[in-house]
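Asks: What follows is target03.cif, mmCIF, N, CA and C atoms.
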data_upload
#
loop_
_atom_site.label_atom_id
_atom_site.label_comp_id
_atom_site.auth_asym_id
_atom_site.auth_seq_id
_atom_site.Cartn_x
_atom_site.Cartn_y
_atom_site.Cartn_z
N ASP A 260 103.16 80.00 55.17
CA ASP A 260 103.90 80.05 56.44
C ASP A 260 105.40 79.97 56.23
N THR A 261 105.86 79.43 55.12
CA THR A 261 107.30 79.26 54.92
C THR A 261 107.93 80.45 54.23
N LEU A 262 107.16 81.38 53.74
CA LEU A 262 107.70 82.48 52.95
C LEU A 262 108.77 83.28 53.68
N PHE A 263 108.58 83.56 54.95
CA PHE A 263 109.48 84.42 55.69
C PHE A 263 110.40 83.67 56.65
N LEU A 264 110.51 82.38 56.51
CA LEU A 264 111.34 81.62 57.43
C LEU A 264 112.82 81.79 57.10
N TYR A 265 113.59 82.05 58.10
CA TYR A 265 115.05 82.15 57.96
C TYR A 265 115.65 81.16 58.94
N ARG A 266 116.52 80.33 58.46
CA ARG A 266 117.06 79.27 59.29
C ARG A 266 118.51 79.48 59.71
N GLY A 267 119.12 80.59 59.34
CA GLY A 267 120.51 80.85 59.69
C GLY A 267 120.67 81.35 61.11
N ASP A 268 121.91 81.71 61.45
CA ASP A 268 122.17 82.16 62.82
C ASP A 268 122.43 83.67 62.90
N ASN A 269 122.15 84.40 61.87
CA ASN A 269 122.32 85.86 61.88
C ASN A 269 121.16 86.48 62.65
N PRO A 270 121.43 87.15 63.77
CA PRO A 270 120.34 87.70 64.59
C PRO A 270 119.50 88.76 63.87
N PHE A 271 120.12 89.52 62.98
CA PHE A 271 119.39 90.53 62.22
C PHE A 271 118.32 89.87 61.35
N TYR A 272 118.70 88.86 60.59
CA TYR A 272 117.75 88.17 59.73
C TYR A 272 116.72 87.38 60.54
N GLN A 273 117.13 86.84 61.67
CA GLN A 273 116.19 86.13 62.53
C GLN A 273 115.09 87.07 63.01
N GLU A 274 115.47 88.29 63.39
CA GLU A 274 114.48 89.26 63.87
C GLU A 274 113.58 89.73 62.73
N ILE A 275 114.14 89.96 61.57
CA ILE A 275 113.31 90.35 60.42
C ILE A 275 112.30 89.25 60.14
N SER A 276 112.76 88.01 60.15
CA SER A 276 111.86 86.88 59.91
C SER A 276 110.74 86.83 60.95
N ARG A 277 111.10 87.03 62.20
CA ARG A 277 110.10 87.02 63.27
C ARG A 277 109.08 88.13 63.06
N GLN A 278 109.56 89.32 62.74
CA GLN A 278 108.66 90.46 62.50
C GLN A 278 107.76 90.21 61.28
N LEU A 279 108.33 89.66 60.21
CA LEU A 279 107.53 89.37 59.02
C LEU A 279 106.41 88.39 59.34
N LEU A 280 106.74 87.34 60.06
CA LEU A 280 105.72 86.34 60.42
C LEU A 280 104.64 86.94 61.30
N ASN A 281 105.03 87.72 62.31
CA ASN A 281 104.05 88.34 63.22
C ASN A 281 103.15 89.33 62.49
N ARG A 282 103.76 90.15 61.65
CA ARG A 282 102.96 91.17 60.95
C ARG A 282 102.08 90.55 59.89
N ARG A 283 102.55 89.46 59.28
CA ARG A 283 101.70 88.73 58.33
C ARG A 283 100.49 88.14 59.06
N LYS A 284 100.72 87.59 60.23
CA LYS A 284 99.64 87.04 61.05
C LYS A 284 98.62 88.13 61.39
N ASN A 285 99.12 89.33 61.74
CA ASN A 285 98.23 90.45 62.04
C ASN A 285 97.40 90.85 60.83
N LEU A 286 98.02 90.85 59.66
CA LEU A 286 97.29 91.19 58.44
C LEU A 286 96.20 90.16 58.15
N LEU A 287 96.53 88.89 58.26
CA LEU A 287 95.53 87.86 58.00
C LEU A 287 94.37 87.95 58.99
N LYS A 288 94.68 88.25 60.24
CA LYS A 288 93.63 88.43 61.25
C LYS A 288 92.75 89.63 60.88
N ALA A 289 93.39 90.72 60.47
CA ALA A 289 92.63 91.91 60.09
C ALA A 289 91.72 91.62 58.90
N LEU A 290 92.22 90.86 57.94
CA LEU A 290 91.40 90.52 56.77
C LEU A 290 90.22 89.63 57.17
N CYS A 291 90.43 88.76 58.13
CA CYS A 291 89.35 87.88 58.60
C CYS A 291 88.28 88.66 59.37
N THR A 292 88.70 89.64 60.16
CA THR A 292 87.75 90.39 60.97
C THR A 292 87.21 91.63 60.26
N GLY A 293 87.94 92.09 59.25
CA GLY A 293 87.54 93.31 58.55
C GLY A 293 87.89 94.57 59.31
N GLU A 294 88.76 94.45 60.29
CA GLU A 294 89.14 95.60 61.13
C GLU A 294 90.64 95.84 61.07
N ASN A 295 91.02 97.12 61.14
CA ASN A 295 92.43 97.53 61.21
C ASN A 295 93.28 97.06 60.03
N ILE A 296 92.67 96.97 58.87
CA ILE A 296 93.39 96.48 57.70
C ILE A 296 94.46 97.47 57.27
N THR A 297 94.12 98.75 57.20
CA THR A 297 95.10 99.75 56.79
C THR A 297 96.31 99.72 57.70
N ALA A 298 96.09 99.65 59.01
CA ALA A 298 97.19 99.62 59.96
C ALA A 298 98.04 98.36 59.78
N ALA A 299 97.41 97.23 59.57
CA ALA A 299 98.15 95.98 59.40
C ALA A 299 98.99 95.99 58.12
N VAL A 300 98.44 96.51 57.04
CA VAL A 300 99.20 96.61 55.79
C VAL A 300 100.34 97.60 55.97
N ASN A 301 100.05 98.72 56.60
CA ASN A 301 101.05 99.76 56.82
C ASN A 301 102.24 99.21 57.61
N GLN A 302 101.99 98.40 58.61
CA GLN A 302 103.06 97.84 59.42
C GLN A 302 103.91 96.83 58.65
N LEU A 303 103.34 96.26 57.61
CA LEU A 303 104.07 95.26 56.83
C LEU A 303 104.89 95.89 55.71
N ILE A 304 104.42 96.98 55.15
CA ILE A 304 105.08 97.61 54.00
C ILE A 304 106.52 97.99 54.37
N GLY A 305 107.44 97.60 53.50
CA GLY A 305 108.84 97.99 53.63
C GLY A 305 109.70 97.12 54.51
N LEU A 306 109.13 96.08 55.10
CA LEU A 306 109.91 95.24 56.01
C LEU A 306 110.65 94.15 55.22
N GLY A 307 111.93 94.11 55.41
CA GLY A 307 112.76 93.12 54.72
C GLY A 307 113.94 93.80 54.08
N ILE A 308 114.63 93.07 53.22
CA ILE A 308 115.82 93.63 52.57
C ILE A 308 115.59 93.68 51.06
N GLY A 309 116.39 94.49 50.40
CA GLY A 309 116.36 94.58 48.95
C GLY A 309 115.57 95.78 48.46
N LEU A 310 115.60 95.98 47.14
CA LEU A 310 114.86 97.10 46.54
C LEU A 310 113.36 96.93 46.68
N THR A 311 112.91 95.69 46.65
CA THR A 311 111.51 95.39 46.97
C THR A 311 111.57 94.37 48.11
N PRO A 312 111.48 94.85 49.34
CA PRO A 312 111.61 93.98 50.51
C PRO A 312 110.62 92.81 50.50
N SER A 313 110.95 91.80 51.26
CA SER A 313 110.14 90.58 51.31
C SER A 313 108.66 90.86 51.55
N SER A 314 108.37 91.75 52.47
CA SER A 314 106.97 92.04 52.78
C SER A 314 106.25 92.67 51.60
N ASP A 315 106.95 93.51 50.86
CA ASP A 315 106.33 94.15 49.70
C ASP A 315 106.07 93.14 48.60
N ASP A 316 107.02 92.23 48.38
CA ASP A 316 106.81 91.16 47.40
C ASP A 316 105.60 90.31 47.81
N TYR A 317 105.50 90.03 49.10
CA TYR A 317 104.37 89.26 49.62
C TYR A 317 103.05 90.00 49.35
N LEU A 318 103.02 91.30 49.64
CA LEU A 318 101.79 92.08 49.43
C LEU A 318 101.41 92.15 47.95
N VAL A 319 102.40 92.20 47.08
CA VAL A 319 102.12 92.17 45.64
C VAL A 319 101.44 90.85 45.29
N GLY A 320 102.01 89.76 45.76
CA GLY A 320 101.42 88.45 45.48
C GLY A 320 100.04 88.28 46.08
N LEU A 321 99.87 88.72 47.31
CA LEU A 321 98.57 88.62 47.98
C LEU A 321 97.52 89.45 47.25
N SER A 322 97.89 90.66 46.87
CA SER A 322 96.92 91.53 46.19
C SER A 322 96.55 91.00 44.81
N THR A 323 97.46 90.25 44.21
CA THR A 323 97.17 89.65 42.91
C THR A 323 95.92 88.79 43.00
N ILE A 324 95.78 88.06 44.09
CA ILE A 324 94.62 87.19 44.27
C ILE A 324 93.45 87.93 44.91
N LEU A 325 93.71 88.71 45.96
CA LEU A 325 92.62 89.37 46.69
C LEU A 325 91.82 90.32 45.81
N PHE A 326 92.47 90.97 44.88
CA PHE A 326 91.80 92.03 44.13
C PHE A 326 91.26 91.58 42.78
N ILE A 327 91.20 90.27 42.55
CA ILE A 327 90.56 89.75 41.34
C ILE A 327 89.08 90.11 41.42
N GLN A 328 88.54 90.53 40.29
CA GLN A 328 87.11 90.87 40.21
C GLN A 328 86.28 89.72 40.76
N GLY A 329 85.41 90.02 41.72
CA GLY A 329 84.54 89.02 42.31
C GLY A 329 85.06 88.40 43.60
N HIS A 330 86.32 88.64 43.93
CA HIS A 330 86.85 88.09 45.19
C HIS A 330 86.21 88.84 46.36
N PRO A 331 85.74 88.14 47.39
CA PRO A 331 85.05 88.82 48.50
C PRO A 331 85.90 89.82 49.27
N LEU A 332 87.22 89.68 49.26
CA LEU A 332 88.07 90.62 49.99
C LEU A 332 88.55 91.78 49.12
N ARG A 333 88.10 91.82 47.89
CA ARG A 333 88.46 92.93 46.99
C ARG A 333 88.03 94.28 47.57
N LYS A 334 87.01 94.25 48.40
CA LYS A 334 86.50 95.48 49.01
C LYS A 334 87.55 96.18 49.87
N TYR A 335 88.63 95.49 50.21
CA TYR A 335 89.67 96.07 51.05
C TYR A 335 90.81 96.71 50.25
N ARG A 336 90.67 96.77 48.95
CA ARG A 336 91.71 97.36 48.10
C ARG A 336 92.02 98.78 48.53
N TYR A 337 91.02 99.56 48.86
CA TYR A 337 91.25 100.95 49.26
C TYR A 337 92.00 101.03 50.59
N ASP A 338 91.84 100.03 51.44
CA ASP A 338 92.62 99.99 52.68
C ASP A 338 94.11 99.78 52.38
N PHE A 339 94.39 98.92 51.39
CA PHE A 339 95.77 98.69 50.98
C PHE A 339 96.35 99.97 50.38
N LEU A 340 95.58 100.64 49.54
CA LEU A 340 96.04 101.89 48.94
C LEU A 340 96.27 102.97 50.00
N ALA A 341 95.40 103.03 50.99
CA ALA A 341 95.56 104.00 52.09
C ALA A 341 96.84 103.71 52.87
N ALA A 342 97.12 102.45 53.11
CA ALA A 342 98.35 102.07 53.82
C ALA A 342 99.57 102.47 53.02
N LEU A 343 99.52 102.28 51.72
CA LEU A 343 100.64 102.66 50.87
C LEU A 343 100.84 104.17 50.90
N GLN A 344 99.76 104.90 50.94
CA GLN A 344 99.85 106.36 51.03
C GLN A 344 100.56 106.77 52.32
N LEU A 345 100.25 106.09 53.42
CA LEU A 345 100.88 106.39 54.71
C LEU A 345 102.36 106.01 54.74
N ALA A 346 102.68 104.86 54.15
CA ALA A 346 104.04 104.33 54.24
C ALA A 346 104.91 104.67 53.04
N GLY A 347 104.32 105.25 52.02
CA GLY A 347 105.00 105.44 50.75
C GLY A 347 106.31 106.18 50.78
N ASN A 348 106.49 107.08 51.72
CA ASN A 348 107.75 107.84 51.79
C ASN A 348 108.83 107.10 52.56
N ASN A 349 108.50 105.95 53.11
CA ASN A 349 109.47 105.18 53.90
C ASN A 349 109.98 103.94 53.18
N ILE A 350 109.69 103.83 51.89
CA ILE A 350 110.13 102.67 51.13
C ILE A 350 110.81 103.14 49.85
N THR A 351 111.45 102.21 49.15
CA THR A 351 112.12 102.58 47.92
C THR A 351 111.09 102.96 46.86
N LEU A 352 111.48 103.80 45.94
CA LEU A 352 110.59 104.22 44.87
C LEU A 352 110.14 103.02 44.05
N LEU A 353 111.06 102.09 43.78
CA LEU A 353 110.71 100.90 43.01
C LEU A 353 109.62 100.09 43.72
N SER A 354 109.78 99.93 45.02
CA SER A 354 108.80 99.18 45.79
C SER A 354 107.45 99.90 45.82
N LYS A 355 107.49 101.21 46.00
CA LYS A 355 106.26 102.00 46.02
C LYS A 355 105.50 101.87 44.70
N ILE A 356 106.21 101.99 43.60
CA ILE A 356 105.57 101.86 42.28
C ILE A 356 105.02 100.46 42.08
N THR A 357 105.81 99.46 42.46
CA THR A 357 105.38 98.07 42.29
C THR A 357 104.11 97.79 43.10
N LEU A 358 104.07 98.25 44.35
CA LEU A 358 102.89 98.04 45.19
C LEU A 358 101.68 98.78 44.62
N GLU A 359 101.87 100.02 44.23
CA GLU A 359 100.76 100.81 43.70
C GLU A 359 100.18 100.15 42.45
N GLU A 360 101.05 99.71 41.57
CA GLU A 360 100.58 99.03 40.35
C GLU A 360 99.82 97.75 40.70
N ALA A 361 100.37 96.97 41.63
CA ALA A 361 99.71 95.72 42.01
C ALA A 361 98.36 95.97 42.65
N PHE A 362 98.29 96.97 43.53
CA PHE A 362 97.02 97.27 44.20
C PHE A 362 95.98 97.76 43.19
N ASN A 363 96.45 98.29 42.06
CA ASN A 363 95.54 98.71 41.00
C ASN A 363 95.43 97.67 39.89
N GLN A 364 95.85 96.45 40.19
CA GLN A 364 95.73 95.28 39.32
C GLN A 364 96.45 95.46 38.00
N ARG A 365 97.63 96.00 38.05
CA ARG A 365 98.49 96.08 36.86
C ARG A 365 99.76 95.31 37.19
N TYR A 366 99.99 94.25 36.40
CA TYR A 366 101.09 93.34 36.66
C TYR A 366 101.91 93.13 35.40
N ARG A 367 103.04 92.52 35.60
CA ARG A 367 103.84 92.09 34.45
C ARG A 367 103.02 91.10 33.63
N GLU A 368 103.32 91.04 32.36
CA GLU A 368 102.59 90.14 31.47
C GLU A 368 102.68 88.69 31.95
N ARG A 369 103.83 88.31 32.48
CA ARG A 369 104.00 86.94 32.98
C ARG A 369 103.03 86.63 34.11
N VAL A 370 102.84 87.58 35.00
CA VAL A 370 101.92 87.39 36.12
C VAL A 370 100.49 87.31 35.59
N GLY A 371 100.16 88.16 34.62
CA GLY A 371 98.83 88.13 34.01
C GLY A 371 98.53 86.79 33.37
N ARG A 372 99.51 86.21 32.70
CA ARG A 372 99.32 84.88 32.09
C ARG A 372 99.04 83.83 33.16
N LEU A 373 99.78 83.89 34.25
CA LEU A 373 99.57 82.92 35.33
C LEU A 373 98.18 83.08 35.94
N LEU A 374 97.76 84.32 36.19
CA LEU A 374 96.42 84.56 36.73
C LEU A 374 95.35 84.04 35.79
N ASN A 375 95.51 84.33 34.52
CA ASN A 375 94.54 83.85 33.53
C ASN A 375 94.47 82.33 33.55
N GLN A 376 95.62 81.68 33.68
CA GLN A 376 95.66 80.22 33.76
C GLN A 376 94.89 79.73 34.98
N PHE A 377 95.10 80.39 36.13
CA PHE A 377 94.39 80.01 37.36
C PHE A 377 92.88 80.10 37.19
N ILE A 378 92.45 81.18 36.58
CA ILE A 378 91.02 81.49 36.54
C ILE A 378 90.28 80.75 35.43
N THR A 379 90.89 80.63 34.27
CA THR A 379 90.14 80.15 33.11
C THR A 379 90.43 78.73 32.67
N GLU A 380 91.54 78.17 33.07
CA GLU A 380 91.91 76.84 32.57
C GLU A 380 91.63 75.75 33.60
N PRO A 381 90.92 74.70 33.19
CA PRO A 381 90.61 73.62 34.13
C PRO A 381 91.79 72.70 34.42
N GLN A 382 92.79 72.66 33.54
CA GLN A 382 93.90 71.73 33.74
C GLN A 382 94.92 72.31 34.73
N PRO A 383 95.80 71.47 35.21
CA PRO A 383 96.83 71.94 36.16
C PRO A 383 97.69 73.05 35.55
N ILE A 384 98.27 73.86 36.42
CA ILE A 384 99.12 74.98 36.01
C ILE A 384 100.39 74.45 35.35
N SER A 385 100.73 75.02 34.23
CA SER A 385 101.96 74.66 33.53
C SER A 385 103.17 75.16 34.33
N THR A 386 104.18 74.32 34.44
CA THR A 386 105.39 74.73 35.16
C THR A 386 106.07 75.89 34.45
N GLN A 387 105.84 76.06 33.16
CA GLN A 387 106.45 77.17 32.44
C GLN A 387 105.96 78.51 32.99
N TYR A 388 104.68 78.60 33.35
CA TYR A 388 104.16 79.85 33.93
C TYR A 388 104.86 80.17 35.25
N VAL A 389 105.07 79.15 36.07
CA VAL A 389 105.73 79.34 37.36
C VAL A 389 107.19 79.71 37.14
N THR A 390 107.86 79.06 36.20
CA THR A 390 109.25 79.38 35.89
C THR A 390 109.38 80.81 35.40
N ASP A 391 108.45 81.26 34.59
CA ASP A 391 108.46 82.65 34.11
C ASP A 391 108.41 83.64 35.28
N ILE A 392 107.60 83.34 36.28
CA ILE A 392 107.48 84.22 37.45
C ILE A 392 108.80 84.20 38.23
N LYS A 393 109.36 83.03 38.44
CA LYS A 393 110.59 82.92 39.20
C LYS A 393 111.74 83.65 38.53
N ASN A 394 111.70 83.79 37.22
CA ASN A 394 112.80 84.41 36.48
C ASN A 394 112.67 85.93 36.36
N ILE A 395 111.67 86.53 37.02
CA ILE A 395 111.49 87.98 36.94
C ILE A 395 112.71 88.70 37.51
N GLY A 396 113.20 88.27 38.65
CA GLY A 396 114.33 88.95 39.28
C GLY A 396 115.11 87.95 40.10
N SER A 397 116.07 88.44 40.85
CA SER A 397 116.90 87.55 41.63
C SER A 397 116.07 86.76 42.63
N SER A 398 115.07 87.40 43.22
CA SER A 398 114.17 86.69 44.13
C SER A 398 112.73 87.14 43.95
N SER A 399 112.50 88.20 43.22
CA SER A 399 111.14 88.73 43.05
C SER A 399 110.23 87.67 42.47
N GLY A 400 109.08 87.52 43.09
CA GLY A 400 108.11 86.57 42.61
C GLY A 400 108.25 85.19 43.20
N CYS A 401 109.43 84.87 43.68
CA CYS A 401 109.61 83.51 44.22
C CYS A 401 108.75 83.29 45.44
#
Is it possible to express this structure as structure tokens?
Replies:
Amino acid sequence: DTLFLYRGDNPFYQEISRQLLNRRKNLLKALCTGENITAAVNQLIGLGIGLTPSSDDYLVGLSTILFIQGHPLRKYRYDFLAALQLAGNNITLLSKITLEEAFNQRYRERVGRLLNQFITEPQPISTQYVTDIKNIGSSSGC
């Protein structure tokens, strides 16, 4: 819930934050009901600022977990890919490539190490894995 919160007084960022929260809520509802997933993902793609907007970074992170082999919502991967096909010409090339790779479960090595730690290791997550993710870009992964 805190991912898209903006606390400043800039009306542009306030509205982006509001839209991100609303569209995220719509996506989570769609995932729970199994309906309108492509539309909900499509509405979220490209929203935010930067070469990989906040919503796209969020979708990369979400897909990292949802599309793990055996996850019950993995069946919706094709809905995410369909949404990307619809929205792909309206986002940056970097973001499009990043989303497509994530939806096809191809990640940076650092992300792969963190996922492996989540899935296979019984002990708590090492802070080094989290630090590695945070250091990918200026805000990517945070």
Asks: Considering only C-alpha atoms, give me a table of residues in region 303-373 of chain A that are at most 12 Å from region 273-278 of chain A, with the closest atom pair and distance in Å for each, as CSV.
Replies:
residue,atom,partner,partner_atom,distance
A:Leu303,CA,A:Gln278,CA,8.7
A:Ile304,CA,A:Gln278,CA,11.7
A:Gly305,CA,A:Ile275,CA,11.2
A:Leu306,CA,A:Ile275,CA,7.4
A:Gly307,CA,A:Ile275,CA,6.4
A:Ile308,CA,A:Ile275,CA,8.9
A:Pro312,CA,A:Ile275,CA,10.7
A:Ser313,CA,A:Ser276,CA,9.5
A:Ser314,CA,A:Gln278,CA,10.0
Asks: List the neighbours of region 362-367 of chain A out to 7 Å using all atoms listed in the file; skip same-chain residues closer than 5 positions along the sequence, and give me the result as a ChimeraX atom specification.
Replies: /A:319,322-323,326,336,339-340,357,372
Asks: When you count only C-alpha atoms, which of these residues is closest to Leu345 (chain A): A:Ala299, A:Arg283, A:Ala289, A:Glu294?
Replies: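 For Leu345 (chain A), the nearest of the given residues is A:Ala299.
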Asks: Using only N, CA and C atoms, can you tell me which of A:Val300, A:Ile327, A:Leu280, A:Leu310 comes closest to Leu343 (chain A)?
Replies: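 Looking only at the distances to Leu343 (chain A), the closest residue turns out to be A:Val300.
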Asks: Pull N, CA and C atoms for region 263-278 of chain A from the block and write them as a PDB file, in the first residue's frame.
Replies:
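The resulting file, result.pdb, is reproduced below:
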ATOM      1  N   PHE A 263       3.095   3.502  -3.810  1.00  0.00           N
ATOM      2  CA  PHE A 263       2.767   4.628  -4.666  1.00  0.00           C
ATOM      3  C   PHE A 263       2.374   5.884  -3.888  1.00  0.00           C
ATOM      4  N   LEU A 264       2.653   5.939  -2.620  1.00  0.00           N
ATOM      5  CA  LEU A 264       2.250   7.100  -1.836  1.00  0.00           C
ATOM      6  C   LEU A 264       3.187   8.277  -2.096  1.00  0.00           C
ATOM      7  N   TYR A 265       2.613   9.410  -2.324  1.00  0.00           N
ATOM      8  CA  TYR A 265       3.363  10.653  -2.503  1.00  0.00           C
ATOM      9  C   TYR A 265       2.833  11.633  -1.481  1.00  0.00           C
ATOM     10  N   ARG A 266       3.719  12.217  -0.723  1.00  0.00           N
ATOM     11  CA  ARG A 266       3.290  13.076   0.364  1.00  0.00           C
ATOM     12  C   ARG A 266       3.546  14.564   0.116  1.00  0.00           C
ATOM     13  N   GLY A 267       4.043  14.934  -1.041  1.00  0.00           N
ATOM     14  CA  GLY A 267       4.324  16.336  -1.337  1.00  0.00           C
ATOM     15  C   GLY A 267       3.083  17.099  -1.747  1.00  0.00           C
ATOM     16  N   ASP A 268       3.298  18.354  -2.147  1.00  0.00           N
ATOM     17  CA  ASP A 268       2.153  19.190  -2.513  1.00  0.00           C
ATOM     18  C   ASP A 268       2.067  19.437  -4.017  1.00  0.00           C
ATOM     19  N   ASN A 269       2.808  18.724  -4.811  1.00  0.00           N
ATOM     20  CA  ASN A 269       2.754  18.866  -6.264  1.00  0.00           C
ATOM     21  C   ASN A 269       1.505  18.154  -6.779  1.00  0.00           C
ATOM     22  N   PRO A 270       0.568  18.881  -7.386  1.00  0.00           N
ATOM     23  CA  PRO A 270      -0.692  18.266  -7.821  1.00  0.00           C
ATOM     24  C   PRO A 270      -0.502  17.185  -8.888  1.00  0.00           C
ATOM     25  N   PHE A 271       0.508  17.335  -9.736  1.00  0.00           N
ATOM     26  CA  PHE A 271       0.781  16.333 -10.768  1.00  0.00           C
ATOM     27  C   PHE A 271       1.140  14.996 -10.114  1.00  0.00           C
ATOM     28  N   TYR A 272       2.070  15.013  -9.175  1.00  0.00           N
ATOM     29  CA  TYR A 272       2.478  13.788  -8.502  1.00  0.00           C
ATOM     30  C   TYR A 272       1.368  13.232  -7.611  1.00  0.00           C
ATOM     31  N   GLN A 273       0.581  14.110  -7.020  1.00  0.00           N
ATOM     32  CA  GLN A 273      -0.547  13.656  -6.210  1.00  0.00           C
ATOM     33  C   GLN A 273      -1.533  12.861  -7.067  1.00  0.00           C
ATOM     34  N   GLU A 274      -1.803  13.359  -8.271  1.00  0.00           N
ATOM     35  CA  GLU A 274      -2.749  12.676  -9.154  1.00  0.00           C
ATOM     36  C   GLU A 274      -2.161  11.360  -9.666  1.00  0.00           C
ATOM     37  N   ILE A 275      -0.901  11.347 -10.001  1.00  0.00           N
ATOM     38  CA  ILE A 275      -0.268  10.090 -10.423  1.00  0.00           C
ATOM     39  C   ILE A 275      -0.372   9.067  -9.298  1.00  0.00           C
ATOM     40  N   SER A 276      -0.078   9.496  -8.089  1.00  0.00           N
ATOM     41  CA  SER A 276      -0.160   8.600  -6.936  1.00  0.00           C
ATOM     42  C   SER A 276      -1.578   8.058  -6.764  1.00  0.00           C
ATOM     43  N   ARG A 277      -2.561   8.932  -6.898  1.00  0.00           N
ATOM     44  CA  ARG A 277      -3.958   8.508  -6.767  1.00  0.00           C
ATOM     45  C   ARG A 277      -4.311   7.484  -7.840  1.00  0.00           C
ATOM     46  N   GLN A 278      -3.908   7.755  -9.066  1.00  0.00           N
ATOM     47  CA  GLN A 278      -4.180   6.829 -10.175  1.00  0.00           C
ATOM     48  C   GLN A 278      -3.468   5.489  -9.966  1.00  0.00           C
TER      49      GLN A 278
END
